[in-house]
Amino acid sequence: MVGGTVQGDATAVVSAVAPLDRAEPHHLTFLANARYAPLFAARTPGAGVVLVAPALADAPGHARARVVVANPHDAMLAVLPSLYPPPAHVPGVHPTAVLGRGVRLGADVAIGPGVVLGDGAQVGAGTALDAHVVLGAGAIVGDACHLFSHVTLYPGTRVGHRVRIHAGARIGSDGFGYVYRNGIHDKIPHVGRCVVEDDVEIGANTTIDRGSIDDTVIGAGTKIDNLVHVAHNVRIGRLCLLMAQVGIAGSVRVEDGCVLAGQVGVAGHHTIGRGARLAAQAGVFGDVPAGETWSGYPARPHREALRAQAAMFRLPAIIRGLERLLRTSSGGEA
Amino acid sequence: MVGGTVQGDATAVVSAVAPLDRAEPHHLTFLANARYAPLFAARTPGAGVVLVAPALADAPGHARARVVVANPHDAMLAVLPSLYPPPAHVPGVHPTAVLGRGVRLGADVAIGPGVVLGDGAQVGAGTALDAHVVLGAGAIVGDACHLFSHVTLYPGTRVGHRVRIHAGARIGSDGFGYVYRNGIHDKIPHVGRCVVEDDVEIGANTTIDRGSIDDTVIGAGTKIDNLVHVAHNVRIGRLCLLMAQVGIAGSVRVEDGCVLAGQVGVAGHHTIGRGARLAAQAGVFGDVPAGETWSGYPARPHREALRAQAAMFRLPAIIRGLERLLRTSSGGEA
Amino acid sequence: MVGGTVQGDATAVVSAVAPLDRAEPHHLTFLANARYAPLFAARTPGAGVVLVAPALADAPGHARARVVVANPHDAMLAVLPSLYPPPAHVPGVHPTAVLGRGVRLGADVAIGPGVVLGDGAQVGAGTALDAHVVLGAGAIVGDACHLFSHVTLYPGTRVGHRVRIHAGARIGSDGFGYVYRNGIHDKIPHVGRCVVEDDVEIGANTTIDRGSIDDTVIGAGTKIDNLVHVAHNVRIGRLCLLMAQVGIAGSVRVEDGCVLAGQVGVAGHHTIGRGARLAAQAGVFGDVPAGETWSGYPARPHREALRAQAAMFRLPAIIRGLERLLRTSSGGEA
């Protein structure tokens with residue numbers, strides 16, 4: 001399966017994976033980095049099978065068999081689906097589910113306990129909605145999707161095919177828009193939609209608002225982590241990665257292939273150019289050109305930010321001398 | 001309806017709104033800024049009706065009719081409620097709802113599937129509780145409120161009139177308070193309440209803790225975005241705006257009319273004075289005087305923070321010269 | 001009960017607690033700090049009983065009785081459980097709960113409305129699962145736990161004894177792991193578990209991911225606030241405190257007794273040493289030695305960060321002089 005060379009007992013059988021320091025004879029494990037060789041050496045009787053990098057093929061340690069492969073980590077990932085088949089998809093509609101008028105269900109859907117489908121909602125073939133998922137009126141979910149427990153789709157939300165939405169995510173909620181008049185914050189109606197394209201994954205408890213007039217769009221193949229906030233009218237391109245707790249303000253454009261690390265914030269109406277990368281906690285208050293890496297607060301090109309930070313930390317050591325110097329200098333000028 | 005001047009076919013009928021670049025003949029759209037004129041020019045056959053600013057009344061483009069108005073964006077907002085009436089409020093108690101002992105329901109409440117009302121909970125007239133909302137024992141919700149799906153009110157929480165709470169918000173959870181003694185973090189009981197006054201809106205998956213002894217209070221007319229955290233004993237005044245992912249530590253006072261932009265954090269026990277504004281990602285470790293705008297980490301008055309940041313980014317270019325100068329200078333003194 | 005000395009009417013009876021400025025004759029309150037003495041003086045008829053520090057025993061104010069104790073705040077906490085007994089634990093399985101095959105329930109469990117227990121899930125003796133809690137297949141919860149409404153445990157999650165998990169927390173969700181190949185972000189299967197040890201408390205809407213191959217572990221006695229994110233393979237030690245909106249990236253180690261203040265972020269694969277403290281909003285991009293306090297962005301030892309920040313804010317006032325000086329100096333050298 002992994003195209004490697006077997007050393008030892010080629011009949012060894014494993015039924016699960018484990019890291020080196022917990023591996024037992026029924027486990028498959030891997031050793032890719034010399035840093036972890038001591039864990040391998042220390043464990044006895046050790047794993048059933050260890051996937052090992054060529055340079056470490058003779059590292060001391062215990063295992064019924066070693067399989068030498070160019071990249072043990074990739075080999076491990078290739079084997080995982082065989083050892084851990086995804087849970088069976090059991091089609092059916094649980095008797096406690098509540099279906100509105102005009103709901104349309106595709107073939108082989110799996111609708112869990114307590115699921116609520118609003119009037120006119122649609123669920124595509126082979127899609128699973130776990131317990132207590134709520135689809136608002138007219139919400140549409142494509143084929144082969146998986147919505148985990150407690151997900152809410154607000155009315156009119158559109159989700160493509162092969163989308164995974166984790167527990168507690170809220171998709172299509174009203175944007176945060178008010179006009180201050182007559183002494184109150186008067187709510188701006190939000191009549192745009194939230195559109196999630198194919199092959200997107202959305203993390204637990206993440207929130208994505210609907211558009212005000214235009215739509216909020218999450219592009220195909222983009223992956224979003226937990227507790228991320230995406231505001232109204234934002235357009236995220238294809239194949240982006242948004243890590244945990246990122247916050248994106250209204251009407252921002254994130255072009256294809258961008259990576260936003262954890263806790264990044266992007267202020268409203270800016271554009272993050274194609275393939276740009278933002279370091280963790282960056283605070284972005286302007287446009288970021290395509291292909292660049294920015295960091296810091298306020299965010300700047302990464303090298304510039306690093307130089308400024310380094311200078312800042314050297315500053316206290318010299319600032320007293322500077323002040324003395326300035327006094328002398330201005331004194332001399334007087 | 002909008003007090004404008006019609007040019008073109010005054011019989012044009014529209015049934016929805018759309019942005020300029022997606023507008024079709026059944027759409028109403030608007031053109032307020034010359035920047036978007038090319039979108040208008042490029043679209044054919046174009047919208048049914050375009051609301052257009054006087055300066056752009058003759059901009060090239062296609063539409064059955066133009067309505068010239070002083071402020072096309074405001075005019076659009078004024079028209080929205082006619083085109084998108086809010087979903088009908090259908091009173092009734094869904095048969096799958098679970099009502100505790102002594103629950104009191106006002107006239108015309110709409111209680112959705114799977115709603116759970118604890119003993120002694122009260123729901124005011126005309127209020128809608130969407131699917132799976134859970135009200136703890138003794139929780140009280142006023143009139144004409146809307147709690148979206150999966151909202152939790154902990155026991156004893158009080159919510160005023162005309163309050164909207166979005167999906168997954170948790171109101172009245174225990175505050176994060178422990179005393180370290182006998183080798184453990186011993187939990188401080190939280191017996192205060194969480195009080196949400198009239199006309200408040202609270203975003204999806206936001207959390208607001210109850211007070212320890214005193215109450216946590218959200219003042220009338222205040223609007224809170226998604227994924228915000230408000231800790232125990234916090235008092236937020238009237239008509240504040242708290243944007244997404246703001247975090248407010250225990251016992252903070254936020255006076256009336258403050259604006260906290262996204263991802264702002266406020267450390268415990270400080271006061272944000274009336275009408276103050278905090279820029280996105282600001283980290284506040286002290287009191288902020290009324291009416292001021294602060295930013296940065298640690299937060300300072302905005303102008304001061306901007307000057308410091310600008311200086312920081314100019315620093316690397318001069319710091320090498322400075323160090324040489326200091327060496328020379330101190331060498332000269334030796 | 002509090003070992004104090006009574007002054008005034010020893011027969012005064014109280015049934016609730018309140019802060020000084022809201023105390024009525026049926027209330028117990030406390031005065032520990034001279035700063036709050038004016039609130040005490042201003043209130044009439046005042047509390048039934050005030051717990052008062054020795055130095056303030058004769059502070060002017062109204063109350064039927066004063067009890068002089070060394071530490072009024074601690075005394076108040078000691079009395080709270082008598083005045084506010086926790087809500088009665090009512091064992092039973094609500095008829096709307098949905099139990100999978102092979103579910104095992106301990107003695108005296110309280111299973112609320114709409115709870116869904118996956119195949120093979122286990123719930124320990126005396127544990128309460130509030131409304132709409134969902135346990136995935138094979139999830140295990142120990143004895144005397146309390147899971148508040150809408151909590152999700154993903155399949156295979158393990159929770160120890162006396163654990164409290166607040167509303168909407170998601171435990172054991174897939175980690176955020178992809179390999180970019182063939183033009184897509186290919187999902188890495190997550191087959192590790194999430195293990196929550198004894199006496200942990202987890203806040204509302206917090207998310208904790210399962211491990212990829214190894215487990216994610218939350219150590220015994222650790223307390224986690226609301227809206228915190230803990231990524232895959234993270235190991236958090238015993239007796240840590242993680243405050244609201246903290247984010248911890250993949251494979252981080254947080255050793256025993258650490259304190260992470262609000263909105264702290266820790267980048268992947270680093271170690272926070274035993275007993276270390278991280279100030280609010282700190283951005284940690286390296287290992288933090290045991291026992292140290294770090295702050296800032298990027299985080300540094302707290303004193304160093306404070307010095308750098310102070311220097312940064314003094315910088316604009318001197319930087320113009322510096323630049324002039326450098327021009328002069330380099331001019332002089334030419």
# chains A, B, ... in the order shown; residues from 1 in each chain; ligands from 1
>>> residues_around(residues="Ala70 (chain B)", least_positions_apart="5", cutoff="12 Å", atoms="only C-alpha atoms", output="PyMOL selection string")
chain B and resi 2-5+30-33+51-57+75-76
>>> calpha_fit_and_write(fixed="chain A", moving="chain B", output="tab-separated table (two decimals) with C-alpha atoms, in the first residue's frame")
chain	number	residue	atom	x	y	z
B	1	MET	CA	0.01	0.00	0.00
B	2	VAL	CA	2.81	2.43	0.75
B	3	GLY	CA	5.46	1.09	-1.60
B	4	GLY	CA	8.05	0.45	1.10
B	5	THR	CA	10.53	-2.30	1.97
B	6	VAL	CA	9.63	-4.67	4.78
B	7	GLN	CA	12.16	-5.67	7.43
B	8	GLY	CA	11.18	-8.27	10.03
B	9	ASP	CA	7.91	-10.17	10.29
B	10	ALA	CA	5.94	-9.49	7.10
B	11	THR	CA	2.88	-11.17	8.64
B	12	ALA	CA	2.46	-8.60	11.40
B	13	VAL	CA	-1.13	-7.31	11.55
B	14	VAL	CA	-2.22	-3.95	12.94
B	15	SER	CA	-5.67	-2.60	13.65
B	16	ALA	CA	-5.02	0.97	14.79
B	17	VAL	CA	-2.40	3.72	14.77
B	18	ALA	CA	-0.63	5.24	17.76
B	19	PRO	CA	2.31	7.57	18.39
B	20	LEU	CA	5.67	5.96	19.16
B	21	ASP	CA	5.40	6.40	22.92
B	22	ARG	CA	2.07	4.60	23.18
B	23	ALA	CA	2.48	1.98	20.45
B	24	GLU	CA	1.51	-1.61	21.25
B	25	PRO	CA	1.78	-4.75	19.12
B	26	HIS	CA	-1.60	-4.13	17.44
B	27	HIS	CA	-0.53	-0.62	16.44
B	28	LEU	CA	0.97	0.96	13.36
B	29	THR	CA	3.29	3.87	14.14
B	30	PHE	CA	5.95	5.91	12.34
B	31	LEU	CA	9.44	7.31	12.85
B	32	ALA	CA	10.30	10.15	10.49
B	33	ASN	CA	12.65	12.32	12.54
B	34	ALA	CA	15.76	11.39	14.55
B	35	ARG	CA	14.42	13.60	17.34
B	36	TYR	CA	11.85	10.93	18.14
B	37	ALA	CA	14.23	7.93	17.91
B	38	PRO	CA	14.57	7.73	21.73
B	39	LEU	CA	10.82	7.16	22.03
B	40	PHE	CA	11.15	4.27	19.61
B	41	ALA	CA	14.13	2.81	21.49
B	42	ALA	CA	12.41	3.04	24.87
B	43	ARG	CA	9.18	1.26	24.01
B	44	THR	CA	8.91	-2.50	24.46
B	45	PRO	CA	7.49	-4.76	23.09
B	46	GLY	CA	6.73	-1.84	20.78
B	47	ALA	CA	4.51	-1.50	17.74
B	48	GLY	CA	3.39	-4.18	15.36
B	49	VAL	CA	4.62	-2.14	12.42
B	50	VAL	CA	6.68	1.02	12.25
B	51	LEU	CA	6.92	3.11	9.10
B	52	VAL	CA	10.48	4.38	9.09
B	53	ALA	CA	12.49	6.82	7.00
B	54	PRO	CA	15.48	5.36	5.12
B	55	ALA	CA	17.98	7.29	7.25
B	56	LEU	CA	16.45	5.73	10.37
B	57	ALA	CA	15.99	2.21	8.99
B	58	ASP	CA	18.45	0.81	11.49
B	59	ALA	CA	17.52	2.95	14.49
B	60	PRO	CA	17.44	0.84	17.66
B	61	GLY	CA	13.94	-0.06	18.78
B	62	HIS	CA	11.31	-2.76	18.96
B	63	ALA	CA	8.64	-3.68	16.42
B	64	ARG	CA	7.53	-6.88	14.77
B	65	ALA	CA	8.16	-5.28	11.42
B	66	ARG	CA	9.64	-2.14	9.93
B	67	VAL	CA	8.56	-0.72	6.60
B	68	VAL	CA	11.12	1.63	5.12
B	69	VAL	CA	9.43	4.39	3.11
B	70	ALA	CA	10.63	7.70	1.72
B	71	ASN	CA	8.09	9.71	3.72
B	72	PRO	CA	6.66	7.87	6.74
B	73	HIS	CA	4.16	10.64	7.55
B	74	ASP	CA	2.63	10.58	4.07
B	75	ALA	CA	2.60	6.79	4.16
B	76	MET	CA	0.74	6.90	7.46
B	77	LEU	CA	-1.88	9.24	5.98
B	78	ALA	CA	-2.27	6.94	3.02
B	79	VAL	CA	-2.99	3.98	5.29
B	80	LEU	CA	-5.40	5.75	7.66
B	81	PRO	CA	-8.57	5.37	5.56
B	82	SER	CA	-8.11	1.57	5.54
B	83	LEU	CA	-7.69	1.36	9.31
B	84	TYR	CA	-10.37	3.94	10.10
B	85	PRO	CA	-13.12	3.76	7.53
B	86	PRO	CA	-15.47	6.73	7.94
B	87	PRO	CA	-18.62	5.88	9.91
B	88	ALA	CA	-21.23	4.22	7.77
B	89	HIS	CA	-23.75	6.55	6.17
B	90	VAL	CA	-27.15	5.21	7.24
B	91	PRO	CA	-29.87	6.79	5.12
B	92	GLY	CA	-33.21	7.58	6.65
B	93	VAL	CA	-35.20	10.31	8.35
B	94	HIS	CA	-35.33	10.03	12.13
B	95	PRO	CA	-38.93	10.04	13.42
B	96	THR	CA	-38.21	13.03	15.69
B	97	ALA	CA	-37.16	15.24	12.74
B	98	VAL	CA	-39.58	18.05	11.87
B	99	LEU	CA	-40.09	18.79	8.17
B	100	GLY	CA	-41.76	21.96	6.94
B	101	ARG	CA	-43.99	22.35	3.91
B	102	GLY	CA	-42.44	21.76	0.53
B	103	VAL	CA	-39.21	20.27	1.83
B	104	ARG	CA	-37.29	18.33	-0.85
B	105	LEU	CA	-34.96	15.49	0.09
B	106	GLY	CA	-32.49	13.82	-2.31
B	107	ALA	CA	-31.78	10.11	-2.43
B	108	ASP	CA	-30.14	8.47	0.56
B	109	VAL	CA	-30.18	11.46	2.89
B	110	ALA	CA	-29.52	10.79	6.58
B	111	ILE	CA	-31.61	13.13	8.72
B	112	GLY	CA	-30.83	12.80	12.44
B	113	PRO	CA	-32.88	13.17	15.62
B	114	GLY	CA	-34.40	16.57	16.23
B	115	VAL	CA	-33.44	18.00	12.85
B	116	VAL	CA	-35.73	20.85	11.80
B	117	LEU	CA	-36.17	21.71	8.11
B	118	GLY	CA	-37.98	24.96	7.37
B	119	ASP	CA	-40.52	25.38	4.62
B	120	GLY	CA	-39.04	24.83	1.20
B	121	ALA	CA	-35.64	23.64	2.44
B	122	GLN	CA	-33.74	21.27	0.15
B	123	VAL	CA	-31.22	18.56	1.04
B	124	GLY	CA	-29.15	16.92	-1.70
B	125	ALA	CA	-28.47	13.24	-2.31
B	126	GLY	CA	-26.29	11.41	0.17
B	127	THR	CA	-26.13	14.34	2.59
B	128	ALA	CA	-26.10	13.73	6.36
B	129	LEU	CA	-27.62	16.19	8.83
B	130	ASP	CA	-26.67	15.22	12.39
B	131	ALA	CA	-28.80	15.70	15.48
B	132	HIS	CA	-30.56	19.04	15.97
B	133	VAL	CA	-29.39	20.66	12.75
B	134	VAL	CA	-31.77	23.49	11.82
B	135	LEU	CA	-32.27	24.64	8.21
B	136	GLY	CA	-34.23	27.86	7.81
B	137	ALA	CA	-36.93	28.29	5.22
B	138	GLY	CA	-35.63	27.95	1.69
B	139	ALA	CA	-32.13	26.89	2.71
B	140	ILE	CA	-30.47	24.63	0.16
B	141	VAL	CA	-27.77	22.04	0.89
B	142	GLY	CA	-26.14	20.13	-1.99
B	143	ASP	CA	-25.10	16.51	-2.39
B	144	ALA	CA	-22.75	14.48	-0.20
B	145	CYS	CA	-22.53	17.13	2.53
B	146	HIS	CA	-22.15	16.53	6.25
B	147	LEU	CA	-23.58	19.01	8.73
B	148	PHE	CA	-22.63	18.05	12.29
B	149	SER	CA	-24.89	18.50	15.30
B	150	HIS	CA	-26.52	21.82	16.17
B	151	VAL	CA	-25.59	23.63	12.95
B	152	THR	CA	-27.93	26.47	11.98
B	153	LEU	CA	-28.47	27.65	8.42
B	154	TYR	CA	-30.50	30.84	8.36
B	155	PRO	CA	-33.29	31.11	5.78
B	156	GLY	CA	-32.15	31.28	2.18
B	157	THR	CA	-28.60	30.06	2.80
B	158	ARG	CA	-27.09	28.05	-0.09
B	159	VAL	CA	-24.50	25.33	0.45
B	160	GLY	CA	-22.82	23.48	-2.44
B	161	HIS	CA	-21.73	19.86	-2.74
B	162	ARG	CA	-19.32	17.92	-0.52
B	163	VAL	CA	-19.37	20.62	2.16
B	164	ARG	CA	-18.65	19.78	5.82
B	165	ILE	CA	-19.96	22.14	8.49
B	166	HIS	CA	-18.96	21.39	12.07
B	167	ALA	CA	-21.07	21.49	15.20
B	168	GLY	CA	-22.61	24.77	16.19
B	169	ALA	CA	-21.62	26.80	13.14
B	170	ARG	CA	-24.13	29.57	12.23
B	171	ILE	CA	-24.37	30.36	8.55
B	172	GLY	CA	-26.33	33.27	7.14
B	173	SER	CA	-27.03	35.23	10.34
B	174	ASP	CA	-27.87	38.92	10.01
B	175	GLY	CA	-24.90	41.20	9.47
B	176	PHE	CA	-24.03	43.83	12.07
B	177	GLY	CA	-25.42	46.91	10.38
B	178	TYR	CA	-27.22	49.85	11.95
B	179	VAL	CA	-27.87	53.48	11.14
B	180	TYR	CA	-27.91	55.85	14.09
B	181	ARG	CA	-30.98	58.06	13.77
B	182	ASN	CA	-33.67	59.41	16.06
B	183	GLY	CA	-31.58	58.42	19.06
B	184	ILE	CA	-31.40	54.71	18.32
B	185	HIS	CA	-29.29	52.27	16.34
B	186	ASP	CA	-31.80	51.47	13.61
B	187	LYS	CA	-31.31	48.03	12.13
B	188	ILE	CA	-30.46	47.74	8.41
B	189	PRO	CA	-32.44	44.84	6.96
B	190	HIS	CA	-30.23	42.10	5.59
B	191	VAL	CA	-31.74	40.63	2.44
B	192	GLY	CA	-28.61	39.22	0.79
B	193	ARG	CA	-27.72	35.57	1.13
B	194	CYS	CA	-24.81	33.49	2.34
B	195	VAL	CA	-23.45	31.24	-0.39
B	196	VAL	CA	-21.03	28.43	0.46
B	197	GLU	CA	-19.52	26.83	-2.63
B	198	ASP	CA	-18.43	23.21	-3.19
B	199	ASP	CA	-15.82	21.37	-1.11
B	200	VAL	CA	-15.73	23.92	1.68
B	201	GLU	CA	-15.16	22.86	5.31
B	202	ILE	CA	-16.32	25.14	8.15
B	203	GLY	CA	-15.21	24.70	11.77
B	204	ALA	CA	-17.15	24.37	14.99
B	205	ASN	CA	-19.00	27.43	16.32
B	206	THR	CA	-17.89	29.59	13.38
B	207	THR	CA	-20.27	32.36	12.27
B	208	ILE	CA	-20.79	33.64	8.73
B	209	ASP	CA	-23.23	36.48	8.18
B	210	ARG	CA	-25.53	36.89	5.19
B	211	GLY	CA	-25.07	39.89	2.92
B	212	SER	CA	-27.00	43.13	3.32
B	213	ILE	CA	-28.00	43.48	-0.34
B	214	ASP	CA	-25.31	41.51	-2.14
B	215	ASP	CA	-24.28	38.02	-0.97
B	216	THR	CA	-21.56	36.77	1.34
B	217	VAL	CA	-19.61	34.11	-0.57
B	218	ILE	CA	-17.18	31.40	0.54
B	219	GLY	CA	-15.30	30.12	-2.53
B	220	ALA	CA	-14.91	26.50	-3.55
B	221	GLY	CA	-12.33	24.41	-1.72
B	222	THR	CA	-11.77	26.98	1.02
B	223	LYS	CA	-11.30	25.62	4.57
B	224	ILE	CA	-12.33	27.57	7.68
B	225	ASP	CA	-11.35	26.61	11.22
B	226	ASN	CA	-13.27	26.96	14.52
B	227	LEU	CA	-14.65	30.21	16.00
B	228	VAL	CA	-13.99	32.27	12.87
B	229	HIS	CA	-16.17	35.30	12.12
B	230	VAL	CA	-16.97	36.34	8.55
B	231	ALA	CA	-19.08	39.49	8.29
B	232	HIS	CA	-21.69	40.59	5.76
B	233	ASN	CA	-20.81	40.99	2.08
B	234	VAL	CA	-17.39	39.40	2.47
B	235	ARG	CA	-16.16	37.47	-0.56
B	236	ILE	CA	-13.63	34.75	0.08
B	237	GLY	CA	-12.04	33.17	-2.96
B	238	ARG	CA	-11.17	29.57	-3.77
B	239	LEU	CA	-8.76	27.38	-1.82
B	240	CYS	CA	-8.15	29.79	1.06
B	241	LEU	CA	-7.28	28.68	4.61
B	242	LEU	CA	-8.73	30.67	7.54
B	243	MET	CA	-7.43	29.47	10.87
B	244	ALA	CA	-9.10	29.60	14.24
B	245	GLN	CA	-10.58	32.84	15.61
B	246	VAL	CA	-9.90	34.88	12.48
B	247	GLY	CA	-12.26	37.84	12.14
B	248	ILE	CA	-13.11	39.46	8.80
B	249	ALA	CA	-15.09	42.69	8.80
B	250	GLY	CA	-17.74	43.69	6.29
B	251	SER	CA	-17.20	43.80	2.52
B	252	VAL	CA	-13.63	42.50	2.62
B	253	ARG	CA	-12.36	40.63	-0.45
B	254	VAL	CA	-10.02	37.70	0.15
B	255	GLU	CA	-8.76	36.48	-3.21
B	256	ASP	CA	-7.92	32.88	-4.14
B	257	GLY	CA	-5.35	30.87	-2.24
B	258	CYS	CA	-4.83	33.18	0.74
B	259	VAL	CA	-3.78	31.87	4.17
B	260	LEU	CA	-4.94	33.74	7.28
B	261	ALA	CA	-3.35	32.39	10.46
B	262	GLY	CA	-5.05	32.28	13.86
B	263	GLN	CA	-6.67	35.40	15.39
B	264	VAL	CA	-5.97	37.59	12.36
B	265	GLY	CA	-8.33	40.54	11.99
B	266	VAL	CA	-9.09	42.36	8.73
B	267	ALA	CA	-10.83	45.73	8.85
B	268	GLY	CA	-13.74	46.44	6.55
B	269	HIS	CA	-13.67	46.97	2.76
B	270	HIS	CA	-10.03	45.95	2.20
B	271	THR	CA	-8.69	43.41	-0.29
B	272	ILE	CA	-6.28	40.59	0.50
B	273	GLY	CA	-4.62	39.84	-2.82
B	274	ARG	CA	-4.34	36.43	-4.40
B	275	GLY	CA	-2.06	34.05	-2.52
B	276	ALA	CA	-1.25	36.51	0.27
B	277	ARG	CA	-0.41	35.18	3.74
B	278	LEU	CA	-1.19	36.88	7.05
B	279	ALA	CA	0.71	35.82	10.18
B	280	ALA	CA	-1.09	34.95	13.42
B	281	GLN	CA	-2.75	37.89	15.22
B	282	ALA	CA	-1.99	40.30	12.37
B	283	GLY	CA	-4.26	43.35	12.39
B	284	VAL	CA	-4.89	44.42	8.80
B	285	PHE	CA	-6.04	47.99	8.18
B	286	GLY	CA	-5.33	48.27	4.45
B	287	ASP	CA	-5.06	46.29	1.23
B	288	VAL	CA	-2.48	43.51	1.09
B	289	PRO	CA	-0.85	42.96	-2.33
B	290	ALA	CA	-1.03	39.56	-3.98
B	291	GLY	CA	1.58	37.04	-2.95
B	292	GLU	CA	2.93	38.99	0.02
B	293	THR	CA	3.25	37.89	3.64
B	294	TRP	CA	2.22	40.47	6.22
B	295	SER	CA	2.31	40.45	10.00
B	296	GLY	CA	2.03	42.65	13.09
B	297	TYR	CA	-0.20	45.43	14.31
B	298	PRO	CA	-0.87	47.36	12.24
B	299	ALA	CA	0.12	44.72	9.70
B	300	ARG	CA	3.06	45.46	7.39
B	301	PRO	CA	5.15	43.33	5.06
B	302	HIS	CA	6.60	40.62	7.26
B	303	ARG	CA	10.29	41.60	6.91
B	304	GLU	CA	9.49	45.22	7.69
B	305	ALA	CA	7.43	44.19	10.72
B	306	LEU	CA	10.21	41.94	12.00
B	307	ARG	CA	12.79	44.71	11.62
B	308	ALA	CA	10.54	47.19	13.45
B	309	GLN	CA	9.91	44.73	16.28
B	310	ALA	CA	13.60	43.92	16.61
B	311	ALA	CA	14.42	47.63	16.71
B	312	MET	CA	11.71	48.19	19.34
B	313	PHE	CA	13.25	45.60	21.64
B	314	ARG	CA	16.76	47.09	21.19
B	315	LEU	CA	15.40	50.56	21.85
B	316	PRO	CA	15.25	50.68	25.66
B	317	ALA	CA	18.95	49.84	25.85
B	318	ILE	CA	19.87	52.90	23.81
B	319	ILE	CA	17.09	55.40	24.46
B	320	ARG	CA	18.61	56.82	27.61
B	321	GLY	CA	21.85	57.51	25.76
B	322	LEU	CA	19.85	59.10	22.97
B	323	GLU	CA	18.02	61.47	25.28
B	324	ARG	CA	21.30	62.53	26.87
B	325	LEU	CA	22.80	63.01	23.44
B	326	LEU	CA	19.86	65.15	22.31
B	327	ARG	CA	20.10	67.32	25.41
B	328	THR	CA	23.81	67.81	24.74
B	329	SER	CA	23.23	68.42	21.08
B	330	SER	CA	20.44	70.97	21.49
B	331	GLY	CA	22.36	72.53	24.36
B	332	GLY	CA	25.30	72.85	22.02
B	333	GLU	CA	23.10	74.53	19.43
B	334	ALA	CA	21.62	77.00	21.90
>>> select_by_dssp(residues="region 284-323 of chain C", states="helix (DSSP H, G or I)", output="list in words")
His302, Arg303, Glu304, Ala305, Leu306, Arg307, Ala308, Gln309, Ala310, Ala311, Met312, Phe313, Arg314, Leu315, Pro316, Ala317, Ile318, Ile319, Arg320, Gly321, Leu322 and Glu323 of chain C
